[in-house]
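File shown: final25.cif. Contents: mmCIF, C-alpha atoms.
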data_final
#
loop_
_atom_site.group_PDB
_atom_site.id
_atom_site.type_symbol
_atom_site.label_atom_id
_atom_site.label_comp_id
_atom_site.auth_asym_id
_atom_site.auth_seq_id
_atom_site.Cartn_x
_atom_site.Cartn_y
_atom_site.Cartn_z
ATOM 1 C CA MET A 1 0.000 0.000 0.000
ATOM 2 C CA LEU A 2 1.442 3.348 -1.010
ATOM 3 C CA LYS A 3 1.566 6.031 1.639
ATOM 4 C CA PRO A 4 -0.200 9.282 0.816
ATOM 5 C CA ILE A 5 1.535 12.637 0.939
ATOM 6 C CA ASN A 6 0.722 13.893 4.427
ATOM 7 C CA GLY A 7 2.411 17.287 4.469
ATOM 8 C CA THR A 8 4.353 19.904 2.606
ATOM 9 C CA TRP A 9 6.917 22.598 2.966
ATOM 10 C CA PHE A 10 5.448 26.109 2.756
ATOM 11 C CA GLU A 11 7.042 29.476 2.086
ATOM 12 C CA PHE A 12 6.269 33.143 1.633
ATOM 13 C CA TRP A 13 9.316 33.615 -0.588
ATOM 14 C CA HIS A 14 11.533 30.987 -2.200
ATOM 15 C CA HIS A 15 15.099 31.405 -0.946
ATOM 16 C CA ASN A 16 16.784 30.360 -4.208
ATOM 17 C CA ARG A 17 15.777 33.167 -6.552
ATOM 18 C CA PRO A 18 16.212 31.330 -9.890
ATOM 19 C CA GLU A 19 14.208 28.370 -8.579
ATOM 20 C CA GLY A 20 11.287 30.553 -7.511
ATOM 21 C CA LYS A 21 11.037 32.345 -10.849
ATOM 22 C CA TYR A 22 7.415 31.385 -11.516
ATOM 23 C CA TRP A 23 5.901 32.071 -8.099
ATOM 24 C CA ASN A 24 7.998 34.483 -6.030
ATOM 25 C CA PRO A 25 6.628 37.666 -7.684
ATOM 26 C CA ILE A 26 3.044 36.360 -7.426
ATOM 27 C CA CYS A 27 3.236 35.227 -3.809
ATOM 28 C CA ARG A 28 4.679 38.581 -2.810
ATOM 29 C CA LYS A 29 1.338 40.149 -3.720
ATOM 30 C CA PHE A 30 -0.908 37.501 -2.123
ATOM 31 C CA THR A 31 -3.593 38.925 0.150
ATOM 32 C CA ASP A 32 -4.424 37.430 3.543
ATOM 33 C CA GLU A 33 -7.320 35.553 1.920
ATOM 34 C CA GLN A 34 -5.139 34.126 -0.838
ATOM 35 C CA TRP A 35 -2.716 32.696 1.723
ATOM 36 C CA ARG A 36 -5.690 31.219 3.568
ATOM 37 C CA GLU A 37 -6.904 29.695 0.323
ATOM 38 C CA LYS A 38 -3.484 28.094 -0.188
ATOM 39 C CA VAL A 39 -3.824 26.406 3.207
ATOM 40 C CA ARG A 40 -7.309 25.172 2.314
ATOM 41 C CA GLU A 41 -5.970 23.770 -0.967
ATOM 42 C CA ILE A 42 -3.391 21.772 0.972
ATOM 43 C CA LYS A 43 -6.127 20.503 3.284
ATOM 44 C CA SER A 44 -8.196 19.479 0.256
ATOM 45 C CA LEU A 45 -5.476 16.893 -0.472
ATOM 46 C CA ASN A 46 -5.869 15.479 3.064
ATOM 47 C CA MET A 47 -2.497 16.744 4.273
ATOM 48 C CA SER A 48 -1.920 17.094 8.007
ATOM 49 C CA TYR A 49 1.407 18.957 8.234
ATOM 50 C CA ILE A 50 2.875 22.222 6.978
ATOM 51 C CA VAL A 51 6.572 22.980 7.428
ATOM 52 C CA LEU A 52 7.320 26.691 7.177
ATOM 53 C CA MET A 53 10.618 26.974 5.334
ATOM 54 C CA CYS A 54 11.759 30.250 6.852
ATOM 55 C CA THR A 55 10.587 32.997 9.193
ATOM 56 C CA SER A 56 13.487 35.190 8.107
ATOM 57 C CA LEU A 57 15.753 35.020 5.094
ATOM 58 C CA VAL A 58 19.251 36.386 4.682
ATOM 59 C CA TYR A 59 21.201 36.936 1.476
ATOM 60 C CA GLU A 60 24.625 38.469 0.995
ATOM 61 C CA ASP A 61 23.010 41.792 0.074
ATOM 62 C CA HIS A 62 19.557 41.654 1.667
ATOM 63 C CA ALA A 63 17.683 40.322 4.690
ATOM 64 C CA GLU A 64 14.012 40.249 5.675
ATOM 65 C CA SER A 65 11.685 38.799 8.309
ATOM 66 C CA TYR A 66 8.096 37.684 7.806
ATOM 67 C CA PHE A 67 7.037 38.922 11.231
ATOM 68 C CA ASN A 68 7.930 41.936 13.348
ATOM 69 C CA SER A 69 11.154 40.406 14.542
ATOM 70 C CA GLY A 70 13.190 43.473 15.399
ATOM 71 C CA ILE A 71 16.025 41.563 13.722
ATOM 72 C CA TYR A 72 15.378 42.267 10.040
ATOM 73 C CA ASP A 73 12.839 44.516 8.342
ATOM 74 C CA PHE A 74 9.524 43.217 7.091
ATOM 75 C CA PRO A 75 9.440 43.435 3.255
ATOM 76 C CA LYS A 76 7.731 46.671 2.216
ATOM 77 C CA ASP A 77 6.381 45.192 -1.020
ATOM 78 C CA MET A 78 4.609 42.255 0.640
ATOM 79 C CA THR A 79 0.831 42.728 0.551
ATOM 80 C CA CYS A 80 0.000 40.455 3.495
ATOM 81 C CA LYS A 81 1.330 42.242 6.575
ATOM 82 C CA ASN A 82 1.244 39.369 9.080
ATOM 83 C CA PRO A 83 1.623 36.166 7.052
ATOM 84 C CA ILE A 84 2.659 33.933 9.954
ATOM 85 C CA GLU A 85 -0.468 34.875 11.900
ATOM 86 C CA VAL A 86 -2.595 34.234 8.807
ATOM 87 C CA LEU A 87 -0.948 30.853 8.250
ATOM 88 C CA LEU A 88 -1.361 29.685 11.836
ATOM 89 C CA ASP A 89 -4.908 30.997 12.185
ATOM 90 C CA GLU A 90 -6.063 29.189 9.037
ATOM 91 C CA CYS A 91 -4.202 26.037 10.095
ATOM 92 C CA ASP A 92 -6.054 26.245 13.434
ATOM 93 C CA LYS A 93 -9.306 26.160 11.466
ATOM 94 C CA GLN A 94 -8.190 23.388 9.101
ATOM 95 C CA ASP A 95 -6.650 21.192 11.812
ATOM 96 C CA ILE A 96 -3.199 21.285 10.231
ATOM 97 C CA LYS A 97 -0.049 20.985 12.336
ATOM 98 C CA VAL A 98 2.686 23.548 11.647
ATOM 99 C CA PHE A 99 6.425 23.178 12.163
ATOM 100 C CA MET A 100 7.724 26.710 12.707
ATOM 101 C CA SER A 101 11.059 27.541 11.129
ATOM 102 C CA VAL A 102 14.000 28.743 13.192
ATOM 103 C CA GLY A 103 16.791 29.234 10.722
ATOM 104 C CA PHE A 104 18.302 31.275 7.913
ATOM 105 C CA TYR A 105 19.297 33.949 10.458
ATOM 106 C CA GLY A 106 22.560 34.141 8.581
ATOM 107 C CA ASN A 107 23.195 33.886 4.835
ATOM 108 C CA TRP A 108 21.142 30.833 3.847
ATOM 109 C CA GLU A 109 23.892 29.585 1.521
ATOM 110 C CA LYS A 110 26.468 29.389 4.351
ATOM 111 C CA THR A 111 25.119 26.526 6.401
ATOM 112 C CA ILE A 112 28.223 25.723 8.440
ATOM 113 C CA ASP A 113 28.624 29.388 9.382
ATOM 114 C CA ASN A 114 24.982 29.488 10.460
ATOM 115 C CA ILE A 115 25.116 26.415 12.677
ATOM 116 C CA THR A 116 28.383 27.450 14.365
ATOM 117 C CA SER A 117 28.090 31.252 14.620
ATOM 118 C CA PRO A 118 27.238 32.654 18.091
ATOM 119 C CA GLU A 119 25.804 35.758 16.402
ATOM 120 C CA VAL A 120 23.442 33.739 14.224
ATOM 121 C CA LYS A 121 22.382 31.655 17.231
ATOM 122 C CA GLU A 122 21.662 34.812 19.205
ATOM 123 C CA ARG A 123 19.402 36.109 16.417
ATOM 124 C CA ALA A 124 17.651 32.754 16.072
ATOM 125 C CA PHE A 125 17.006 32.475 19.806
ATOM 126 C CA LYS A 126 15.619 36.014 19.822
ATOM 127 C CA ALA A 127 13.310 34.930 17.005
ATOM 128 C CA ILE A 128 12.130 31.946 19.067
ATOM 129 C CA ASP A 129 11.344 34.311 21.941
ATOM 130 C CA ILE A 130 9.263 36.626 19.763
ATOM 131 C CA ILE A 131 7.556 33.861 17.786
ATOM 132 C CA TRP A 132 6.499 32.142 20.984
ATOM 133 C CA LYS A 133 5.224 35.381 22.521
ATOM 134 C CA GLU A 134 3.282 36.388 19.396
ATOM 135 C CA PHE A 135 2.122 33.034 18.045
ATOM 136 C CA GLY A 136 2.566 30.418 20.770
ATOM 137 C CA HIS A 137 -1.155 30.410 21.601
ATOM 138 C CA HIS A 138 -2.070 28.833 18.261
ATOM 139 C CA LYS A 139 -3.048 25.167 18.568
ATOM 140 C CA SER A 140 -1.599 24.546 15.097
ATOM 141 C CA LEU A 141 1.937 25.396 16.257
ATOM 142 C CA TYR A 142 3.034 21.799 16.558
ATOM 143 C CA GLY A 143 6.787 22.137 16.666
ATOM 144 C CA TRP A 144 9.992 23.634 15.316
ATOM 145 C CA TYR A 145 11.955 23.112 12.129
ATOM 146 C CA TYR A 146 15.631 23.939 11.542
ATOM 147 C CA PRO A 147 16.232 24.724 7.845
ATOM 148 C CA ASP A 148 20.003 25.139 8.050
ATOM 149 C CA GLU A 149 20.519 21.599 6.797
ATOM 150 C CA THR A 150 23.855 19.873 6.349
ATOM 151 C CA GLU A 151 24.809 16.898 4.243
ATOM 152 C CA VAL A 152 24.969 13.511 5.888
ATOM 153 C CA ASN A 153 28.290 12.506 4.374
ATOM 154 C CA GLY A 154 28.372 8.986 5.719
ATOM 155 C CA HIS A 155 27.476 10.248 9.180
ATOM 156 C CA PHE A 156 26.054 13.423 10.682
ATOM 157 C CA ASP A 157 28.477 16.286 11.068
ATOM 158 C CA GLU A 158 28.964 16.571 14.828
ATOM 159 C CA ARG A 159 28.515 20.330 14.516
ATOM 160 C CA PHE A 160 25.010 19.714 13.167
ATOM 161 C CA ILE A 161 24.100 17.518 16.137
ATOM 162 C CA LYS A 162 25.374 20.195 18.535
ATOM 163 C CA TYR A 163 23.349 22.845 16.675
ATOM 164 C CA VAL A 164 20.129 20.819 16.735
ATOM 165 C CA ASN A 165 20.507 19.957 20.407
ATOM 166 C CA GLU A 166 21.220 23.547 21.448
ATOM 167 C CA TYR A 167 18.249 24.902 19.485
ATOM 168 C CA SER A 168 15.950 22.166 20.790
ATOM 169 C CA ALA A 169 16.969 22.781 24.389
ATOM 170 C CA TYR A 170 16.242 26.483 23.983
ATOM 171 C CA ALA A 171 12.905 26.076 22.199
ATOM 172 C CA LYS A 172 11.669 23.442 24.644
ATOM 173 C CA GLN A 173 12.054 25.865 27.533
ATOM 174 C CA TYR A 174 8.749 27.303 26.368
ATOM 175 C CA ASP A 175 6.949 24.012 25.814
ATOM 176 C CA ALA A 176 8.713 20.670 26.031
ATOM 177 C CA THR A 177 5.869 18.930 24.185
ATOM 178 C CA LYS A 178 6.578 20.710 20.884
ATOM 179 C CA LYS A 179 8.122 18.428 18.283
ATOM 180 C CA ILE A 180 11.398 18.932 16.409
ATOM 181 C CA LEU A 181 11.862 18.282 12.687
ATOM 182 C CA VAL A 182 15.039 18.270 10.607
ATOM 183 C CA ALA A 183 15.396 17.339 6.938
ATOM 184 C CA PRO A 184 19.003 16.571 6.002
ATOM 185 C CA TYR A 185 20.328 15.778 2.570
ATOM 186 C CA GLY A 186 22.997 13.285 1.503
ATOM 187 C CA THR A 187 20.559 10.398 1.834
ATOM 188 C CA ASN A 188 22.425 8.353 -0.761
ATOM 189 C CA LYS A 189 25.633 8.698 1.275
ATOM 190 C CA VAL A 190 24.389 7.610 4.708
ATOM 191 C CA VAL A 191 26.343 4.753 6.267
ATOM 192 C CA CYS A 192 23.897 3.033 8.614
ATOM 193 C CA ASP A 193 26.460 1.502 10.937
ATOM 194 C CA ASP A 194 26.857 1.478 14.726
ATOM 195 C CA LEU A 195 28.213 5.034 14.739
ATOM 196 C CA TYR A 196 25.211 6.309 12.830
ATOM 197 C CA VAL A 197 22.820 4.572 15.221
ATOM 198 C CA GLU A 198 24.692 6.132 18.133
ATOM 199 C CA GLN A 199 24.342 9.561 16.516
ATOM 200 C CA LEU A 200 20.607 9.027 16.054
ATOM 201 C CA LYS A 201 20.327 8.330 19.754
ATOM 202 C CA ARG A 202 22.021 11.641 20.557
ATOM 203 C CA ILE A 203 20.278 14.033 18.170
ATOM 204 C CA ASP A 204 17.351 15.832 19.819
ATOM 205 C CA ALA A 205 14.865 15.558 16.960
ATOM 206 C CA ASP A 206 11.509 13.807 16.921
ATOM 207 C CA PHE A 207 11.338 13.409 13.154
ATOM 208 C CA ILE A 208 14.088 13.200 10.552
ATOM 209 C CA ALA A 209 12.692 13.700 7.040
ATOM 210 C CA TYR A 210 15.473 12.663 4.695
ATOM 211 C CA GLN A 211 15.427 14.307 1.273
ATOM 212 C CA ASP A 212 14.959 11.691 -1.430
ATOM 213 C CA GLU A 213 16.985 13.958 -3.793
ATOM 214 C CA ILE A 214 15.157 12.867 -6.926
ATOM 215 C CA GLY A 215 14.403 16.434 -8.004
ATOM 216 C CA VAL A 216 18.013 17.564 -7.602
ATOM 217 C CA GLU A 217 19.088 14.577 -9.717
ATOM 218 C CA LYS A 218 21.312 12.946 -7.118
ATOM 219 C CA SER A 219 19.214 9.776 -6.987
ATOM 220 C CA PHE A 220 16.657 7.845 -9.033
ATOM 221 C CA PRO A 221 13.439 6.209 -7.792
ATOM 222 C CA ASP A 222 14.768 2.700 -8.347
ATOM 223 C CA GLU A 223 17.660 3.456 -5.975
ATOM 224 C CA THR A 224 15.935 5.081 -3.003
ATOM 225 C CA ALA A 225 14.238 1.951 -1.651
ATOM 226 C CA ALA A 226 17.637 0.610 -0.577
ATOM 227 C CA TYR A 227 18.532 3.899 1.120
ATOM 228 C CA TYR A 228 15.312 4.094 3.136
ATOM 229 C CA LYS A 229 15.357 0.398 4.000
ATOM 230 C CA ALA A 230 18.791 0.835 5.577
ATOM 231 C CA LEU A 231 17.650 4.007 7.315
ATOM 232 C CA LYS A 232 14.626 2.219 8.771
ATOM 233 C CA GLN A 233 16.845 -0.472 10.204
ATOM 234 C CA ALA A 234 19.096 2.190 11.770
ATOM 235 C CA HIS A 235 16.167 4.167 13.179
ATOM 236 C CA ASP A 236 14.575 1.012 14.569
ATOM 237 C CA ARG A 237 17.833 0.177 16.326
ATOM 238 C CA ALA A 238 18.158 3.683 17.732
ATOM 239 C CA GLY A 239 14.529 3.711 18.902
ATOM 240 C CA LYS A 240 14.326 7.486 18.896
ATOM 241 C CA ALA A 241 13.619 9.854 15.967
ATOM 242 C CA LYS A 242 10.875 8.730 13.586
ATOM 243 C CA LEU A 243 11.849 8.149 9.960
ATOM 244 C CA TRP A 244 10.041 10.507 7.574
ATOM 245 C CA ALA A 245 10.669 11.411 3.942
ATOM 246 C CA ASP A 246 11.123 14.791 2.302
ATOM 247 C CA MET A 247 10.040 13.778 -1.193
ATOM 248 C CA GLU A 248 10.888 16.137 -4.047
ATOM 249 C CA VAL A 249 8.011 16.725 -6.482
ATOM 250 C CA PHE A 250 9.905 19.101 -8.752
ATOM 251 C CA LYS A 251 12.204 19.056 -11.726
ATOM 252 C CA PHE A 252 14.423 21.831 -13.046
ATOM 253 C CA GLU A 253 13.686 23.908 -16.108
ATOM 254 C CA GLY A 254 17.400 23.950 -16.894
ATOM 255 C CA THR A 255 20.545 23.642 -14.793
ATOM 256 C CA VAL A 256 20.114 22.058 -11.370
ATOM 257 C CA TYR A 257 20.016 24.709 -8.606
ATOM 258 C CA ASP A 258 20.306 27.531 -11.134
ATOM 259 C CA SER A 259 16.975 27.463 -12.963
ATOM 260 C CA ALA A 260 13.257 27.474 -12.231
ATOM 261 C CA LEU A 261 11.520 24.619 -10.460
ATOM 262 C CA LEU A 262 8.722 22.947 -12.409
ATOM 263 C CA PRO A 263 6.199 20.291 -11.332
ATOM 264 C CA ALA A 264 7.281 16.703 -11.884
ATOM 265 C CA LYS A 265 4.923 14.288 -13.584
ATOM 266 C CA MET A 266 2.705 12.074 -11.458
ATOM 267 C CA ALA A 267 4.202 8.935 -13.007
ATOM 268 C CA ARG A 268 7.587 9.790 -11.502
ATOM 269 C CA ILE A 269 6.076 10.764 -8.164
ATOM 270 C CA LYS A 270 4.229 7.455 -7.980
ATOM 271 C CA LYS A 271 7.539 5.632 -8.474
ATOM 272 C CA GLN A 272 9.042 7.710 -5.667
ATOM 273 C CA LEU A 273 6.185 6.726 -3.374
ATOM 274 C CA GLU A 274 6.540 3.059 -4.316
ATOM 275 C CA SER A 275 10.204 3.138 -3.306
ATOM 276 C CA ILE A 276 9.875 4.819 0.079
ATOM 277 C CA SER A 277 6.393 3.869 1.343
ATOM 278 C CA PRO A 278 7.384 0.534 2.948
ATOM 279 C CA TYR A 279 9.949 2.205 5.177
ATOM 280 C CA VAL A 280 8.850 5.699 6.270
ATOM 281 C CA ASP A 281 6.219 6.760 8.782
ATOM 282 C CA GLU A 282 5.210 9.902 6.892
ATOM 283 C CA VAL A 283 5.787 11.413 3.451
ATOM 284 C CA LEU A 284 6.156 15.181 3.212
ATOM 285 C CA ILE A 285 6.811 16.951 -0.078
ATOM 286 C CA TYR A 286 8.909 19.785 -1.264
ATOM 287 C CA GLN A 287 6.588 21.406 -2.059
ATOM 288 C CA TYR A 288 2.985 22.397 -2.669
ATOM 289 C CA ILE A 289 3.644 26.132 -3.162
ATOM 290 C CA GLY A 290 4.343 26.852 -6.841
ATOM 291 C CA LEU A 291 4.236 23.190 -7.877
ATOM 292 C CA MET A 292 0.600 22.302 -7.212
ATOM 293 C CA ASN A 293 -2.493 24.490 -7.684
ATOM 294 C CA LYS A 294 -6.118 23.557 -7.253
ATOM 295 C CA PRO A 295 -8.166 24.220 -10.402
ATOM 296 C CA GLY A 296 -10.020 27.506 -10.120
ATOM 297 C CA THR A 297 -7.971 28.828 -7.226
ATOM 298 C CA THR A 298 -7.714 32.588 -6.828
ATOM 299 C CA ALA A 299 -4.334 31.944 -5.191
ATOM 300 C CA TYR A 300 -2.694 30.532 -8.306
ATOM 301 C CA CYS A 301 1.095 30.660 -8.365
ATOM 302 C CA GLY A 302 3.695 28.755 -10.310
ATOM 303 C CA PHE A 303 3.721 27.021 -13.661
ATOM 304 C CA PRO A 304 0.628 25.845 -15.618
ATOM 305 C CA GLU A 305 1.520 22.147 -15.179
ATOM 306 C CA SER A 306 0.936 22.634 -11.444
ATOM 307 C CA ILE A 307 -2.828 22.339 -11.987
ATOM 308 C CA LYS A 308 -2.394 18.999 -13.740
ATOM 309 C CA LEU A 309 -0.202 17.718 -10.906
ATOM 310 C CA TYR A 310 -2.918 18.666 -8.396
ATOM 311 C CA GLU A 311 -5.566 16.885 -10.481
ATOM 312 C CA ASP A 312 -3.370 13.832 -11.055
ATOM 313 C CA TYR A 313 -2.553 13.505 -7.367
ATOM 314 C CA LYS A 314 -6.198 13.981 -6.395
ATOM 315 C CA LYS A 315 -7.082 11.128 -8.756
ATOM 316 C CA PHE A 316 -4.285 9.024 -7.257
ATOM 317 C CA LEU A 317 -5.758 9.572 -3.780
ATOM 318 C CA GLU A 318 -9.200 8.470 -4.919
ATOM 319 C CA GLU A 319 -7.776 5.358 -6.554
ATOM 320 C CA ASN A 320 -5.765 4.416 -3.467
ATOM 321 C CA LYS A 321 -8.370 4.782 -0.737
#
How would this structure read if it were set down as structure tokens?
Amino acid sequence: MLKPINGTWFEFWHHNRPEGKYWNPICRKFTDEQWREKVREIKSLNMSYIVLMCTSLVYEDHAESYFNSGIYDFPKDMTCKNPIEVLLDECDKQDIKVFMSVGFYGNWEKTIDNITSPEVKERAFKAIDIIWKEFGHHKSLYGWYYPDETEVNGHFDERFIKYVNEYSAYAKQYDATKKILVAPYGTNKVVCDDLYVEQLKRIDADFIAYQDEIGVEKSFPDETAAYYKALKQAHDRAGKAKLWADMEVFKFEGTVYDSALLPAKMARIKKQLESISPYVDEVLIYQYIGLMNKPGTTAYCGFPESIKLYEDYKKFLEENK
């Protein structure tokens, strides 16, 4: 039995500018109601989780926050003036659980700097303080997500484990029941040996959603079953973080990482699901925004094929009840 897609990443602005070519300018002008409609579209596909990619975003030459952070300015050209409140309020109504981002408080392309810099950590912890004060009352705020992801090159970088554990300890001061999600890449390089199991026991995360890396062309669907089977065995041995998947539903218009993201075809996505479903507890996708659109939506963003992907996946759900 194939697992359904049960959640998606969500963003107000796509961090990689070339990749977000077809939806960044549109989303910037979304009204409060259009963002709410996007959440309802996601619910219409029976998804239970939304992972907010970033609450702030830093480039070499620009930085912005999507709430009144006091850290970076709110973007002046964004129509919706409190998008995080809108997201959480609509998710309250739709019974969707939200993982709130705490990351990209340094240049998003410099991951190692971000996870080791005391200055970045200070900004991120300040963000946690303000987010909790402003939005912590929402029932949909299910947990925290750390987007400064590192590659699992055989094993976790010990600096990444330290970063996750420090952030988790800080965030859980407010509510220890909130869950922690990370989504590392390098899935095809993981060595699921005793050391890796020991690392899994030490990392303070409830869910690890490994990127299947199909969209970025590092793996193929007929390869990923072996990766996730080994990961399941390691996670079962560790008995701690649940094994989830971050399944990529995009392809590139041109060069990988340096061109627009387009929706993948449902035939490929079905193969991805066939490979990982036996091993993971949940399948999340990267991502609904820009790559899937409900027919007739007033919150359309992305590329025309996104409507077909929505329709094809909806049909897939009906056929696999």
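The set of residues that the PyMOL selection byres ((chain A and resi 247) around 8) takes from this file is A:Gln211, A:Asp212, A:Glu213, A:Ile214, A:Ala245, A:Asp246, A:Glu248, A:Val249, A:Gln272, A:Val283, A:Leu284, A:Ile285, A:Tyr286.
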*Taking the file as shown, what set of residues would the PyMOL selection byres ((chain A and resi 107) around 10) give back, as a ChimeraX atom specification?*
/A:57-63,103-106,108-111,113-114,120,148
_Picked residues, the PyMOL selection byres ((chain A and resi 18-32) around 8), expected as a PyMOL selection string_ = chain A and resi 12-17+33-36+77-80+83+86+252+257-261+290+299+301-303
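Between Ile96 of chain A and the residues A:Phe160, A:Phe125, A:Tyr49, A:Tyr228, the shortest atom-to-atom distance, using only C-alpha atoms, involves A:Tyr49.
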Contacts of segment 163-176 of chain A at 8 Å or less, counting all atoms listed in the file, minus same-chain residues fewer than 5 places along, as a PDB file with C-alpha atoms, in the frame of the given file?
ATOM      1  CA  ILE A 115      25.116  26.415  12.677  1.00  0.00           C
ATOM      2  CA  THR A 116      28.383  27.450  14.365  1.00  0.00           C
ATOM      3  CA  PHE A 125      17.006  32.475  19.806  1.00  0.00           C
ATOM      4  CA  ILE A 128      12.130  31.946  19.067  1.00  0.00           C
ATOM      5  CA  TRP A 132       6.499  32.142  20.984  1.00  0.00           C
ATOM      6  CA  TRP A 144       9.992  23.634  15.316  1.00  0.00           C
ATOM      7  CA  TYR A 146      15.631  23.939  11.542  1.00  0.00           C
ATOM      8  CA  ILE A 203      20.278  14.033  18.170  1.00  0.00           C
ATOM      9  CA  ASP A 204      17.351  15.832  19.819  1.00  0.00           C
ATOM     10  CA  ALA A 205      14.865  15.558  16.960  1.00  0.00           C
TER      11      ALA A 205
END
*Show which residues sit within 12 Å of Ile42 of chain A, as a VMD selection string. Count only C-alpha atoms, and ignore same-chain residues fewer than 2 positions away.*
chain A and resid 5 to 10 35 to 40 44 to 51 87 90 to 91 94 to 97 284 to 285 287 to 289 291 to 294 297 299 310 313 to 314
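Minimum atom-to-atom distances from A:Lys218, A:Lys251, A:Arg202, A:Lys240 to Asn188 of chain A were compared using only C-alpha atoms, and the lowest value belongs to A:Lys218.
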*Could you name the residues that touch Ile130 of chain A at 7 Å or less, counting only C-alpha atoms, but leaving out those on the same chain fewer than 4 positions away, as JSON, numbers by chain?*
{"A": [69, 126, 134]}
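Take atom CA of Cys192 of chain A and atom CA of Ile161 of chain A: the distance between them is 16.3 Å.
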Show which residues sit within 6 Å of segment 152-154 of chain A, as a compact mmCIF listing (two decimals) with C-alpha atoms, keeping the file's coordinate frame. Count all atoms listed in the file, and ignore same-chain residues fewer than 3 positions away.
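Writing the result to part-v4.txt gives the following:
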# COMPACT_ATOMS: atom_id res chain seq x y z
CA GLY A 186 23.00 13.28 1.50
CA LYS A 189 25.63 8.70 1.27
CA VAL A 190 24.39 7.61 4.71
CA VAL A 191 26.34 4.75 6.27
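Picture a line from atom CA of Glu64 of chain A to atom CA of Ala127 of chain A; it runs 12.5 Å.
Minimum atom-to-atom distance to Leu52 of chain A, evaluated using only C-alpha atoms, belongs to A:Gly143 out of A:Gly143, A:Pro304, A:Pro4, A:Pro75.
The gap separating atom CA of Tyr300 of chain A from atom CA of Ser56 of chain A is 23.5 Å, in Å to one decimal.
Minimum distance to Pro147 of chain A across A:Glu305, A:Glu85, A:Glu11, A:Glu318 (counting all atoms listed in the file) occurs at A:Glu11.
Of the listed residues A:Glu319, A:Asp206, A:Ala225, A:Asp312, the one whose atoms come nearest to Leu273 of chain A is A:Ala225, with distances taken using only C-alpha atoms.
Among the candidates A:Thr150, A:Thr224, A:Ser306, A:Ser65, the residue lying nearest to Ser277 of chain A is A:Thr224 (atoms considered: all atoms listed in the file).
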Need the axis-aligned box for segment 24-42 of chain A with 3 Å each side, so what are the centre and edges in Å to one decimal, as JSON?
{"center_x": 0.3, "center_y": 31.0, "center_z": -2.1, "size_x": 21.3, "size_y": 24.4, "size_z": 17.3}
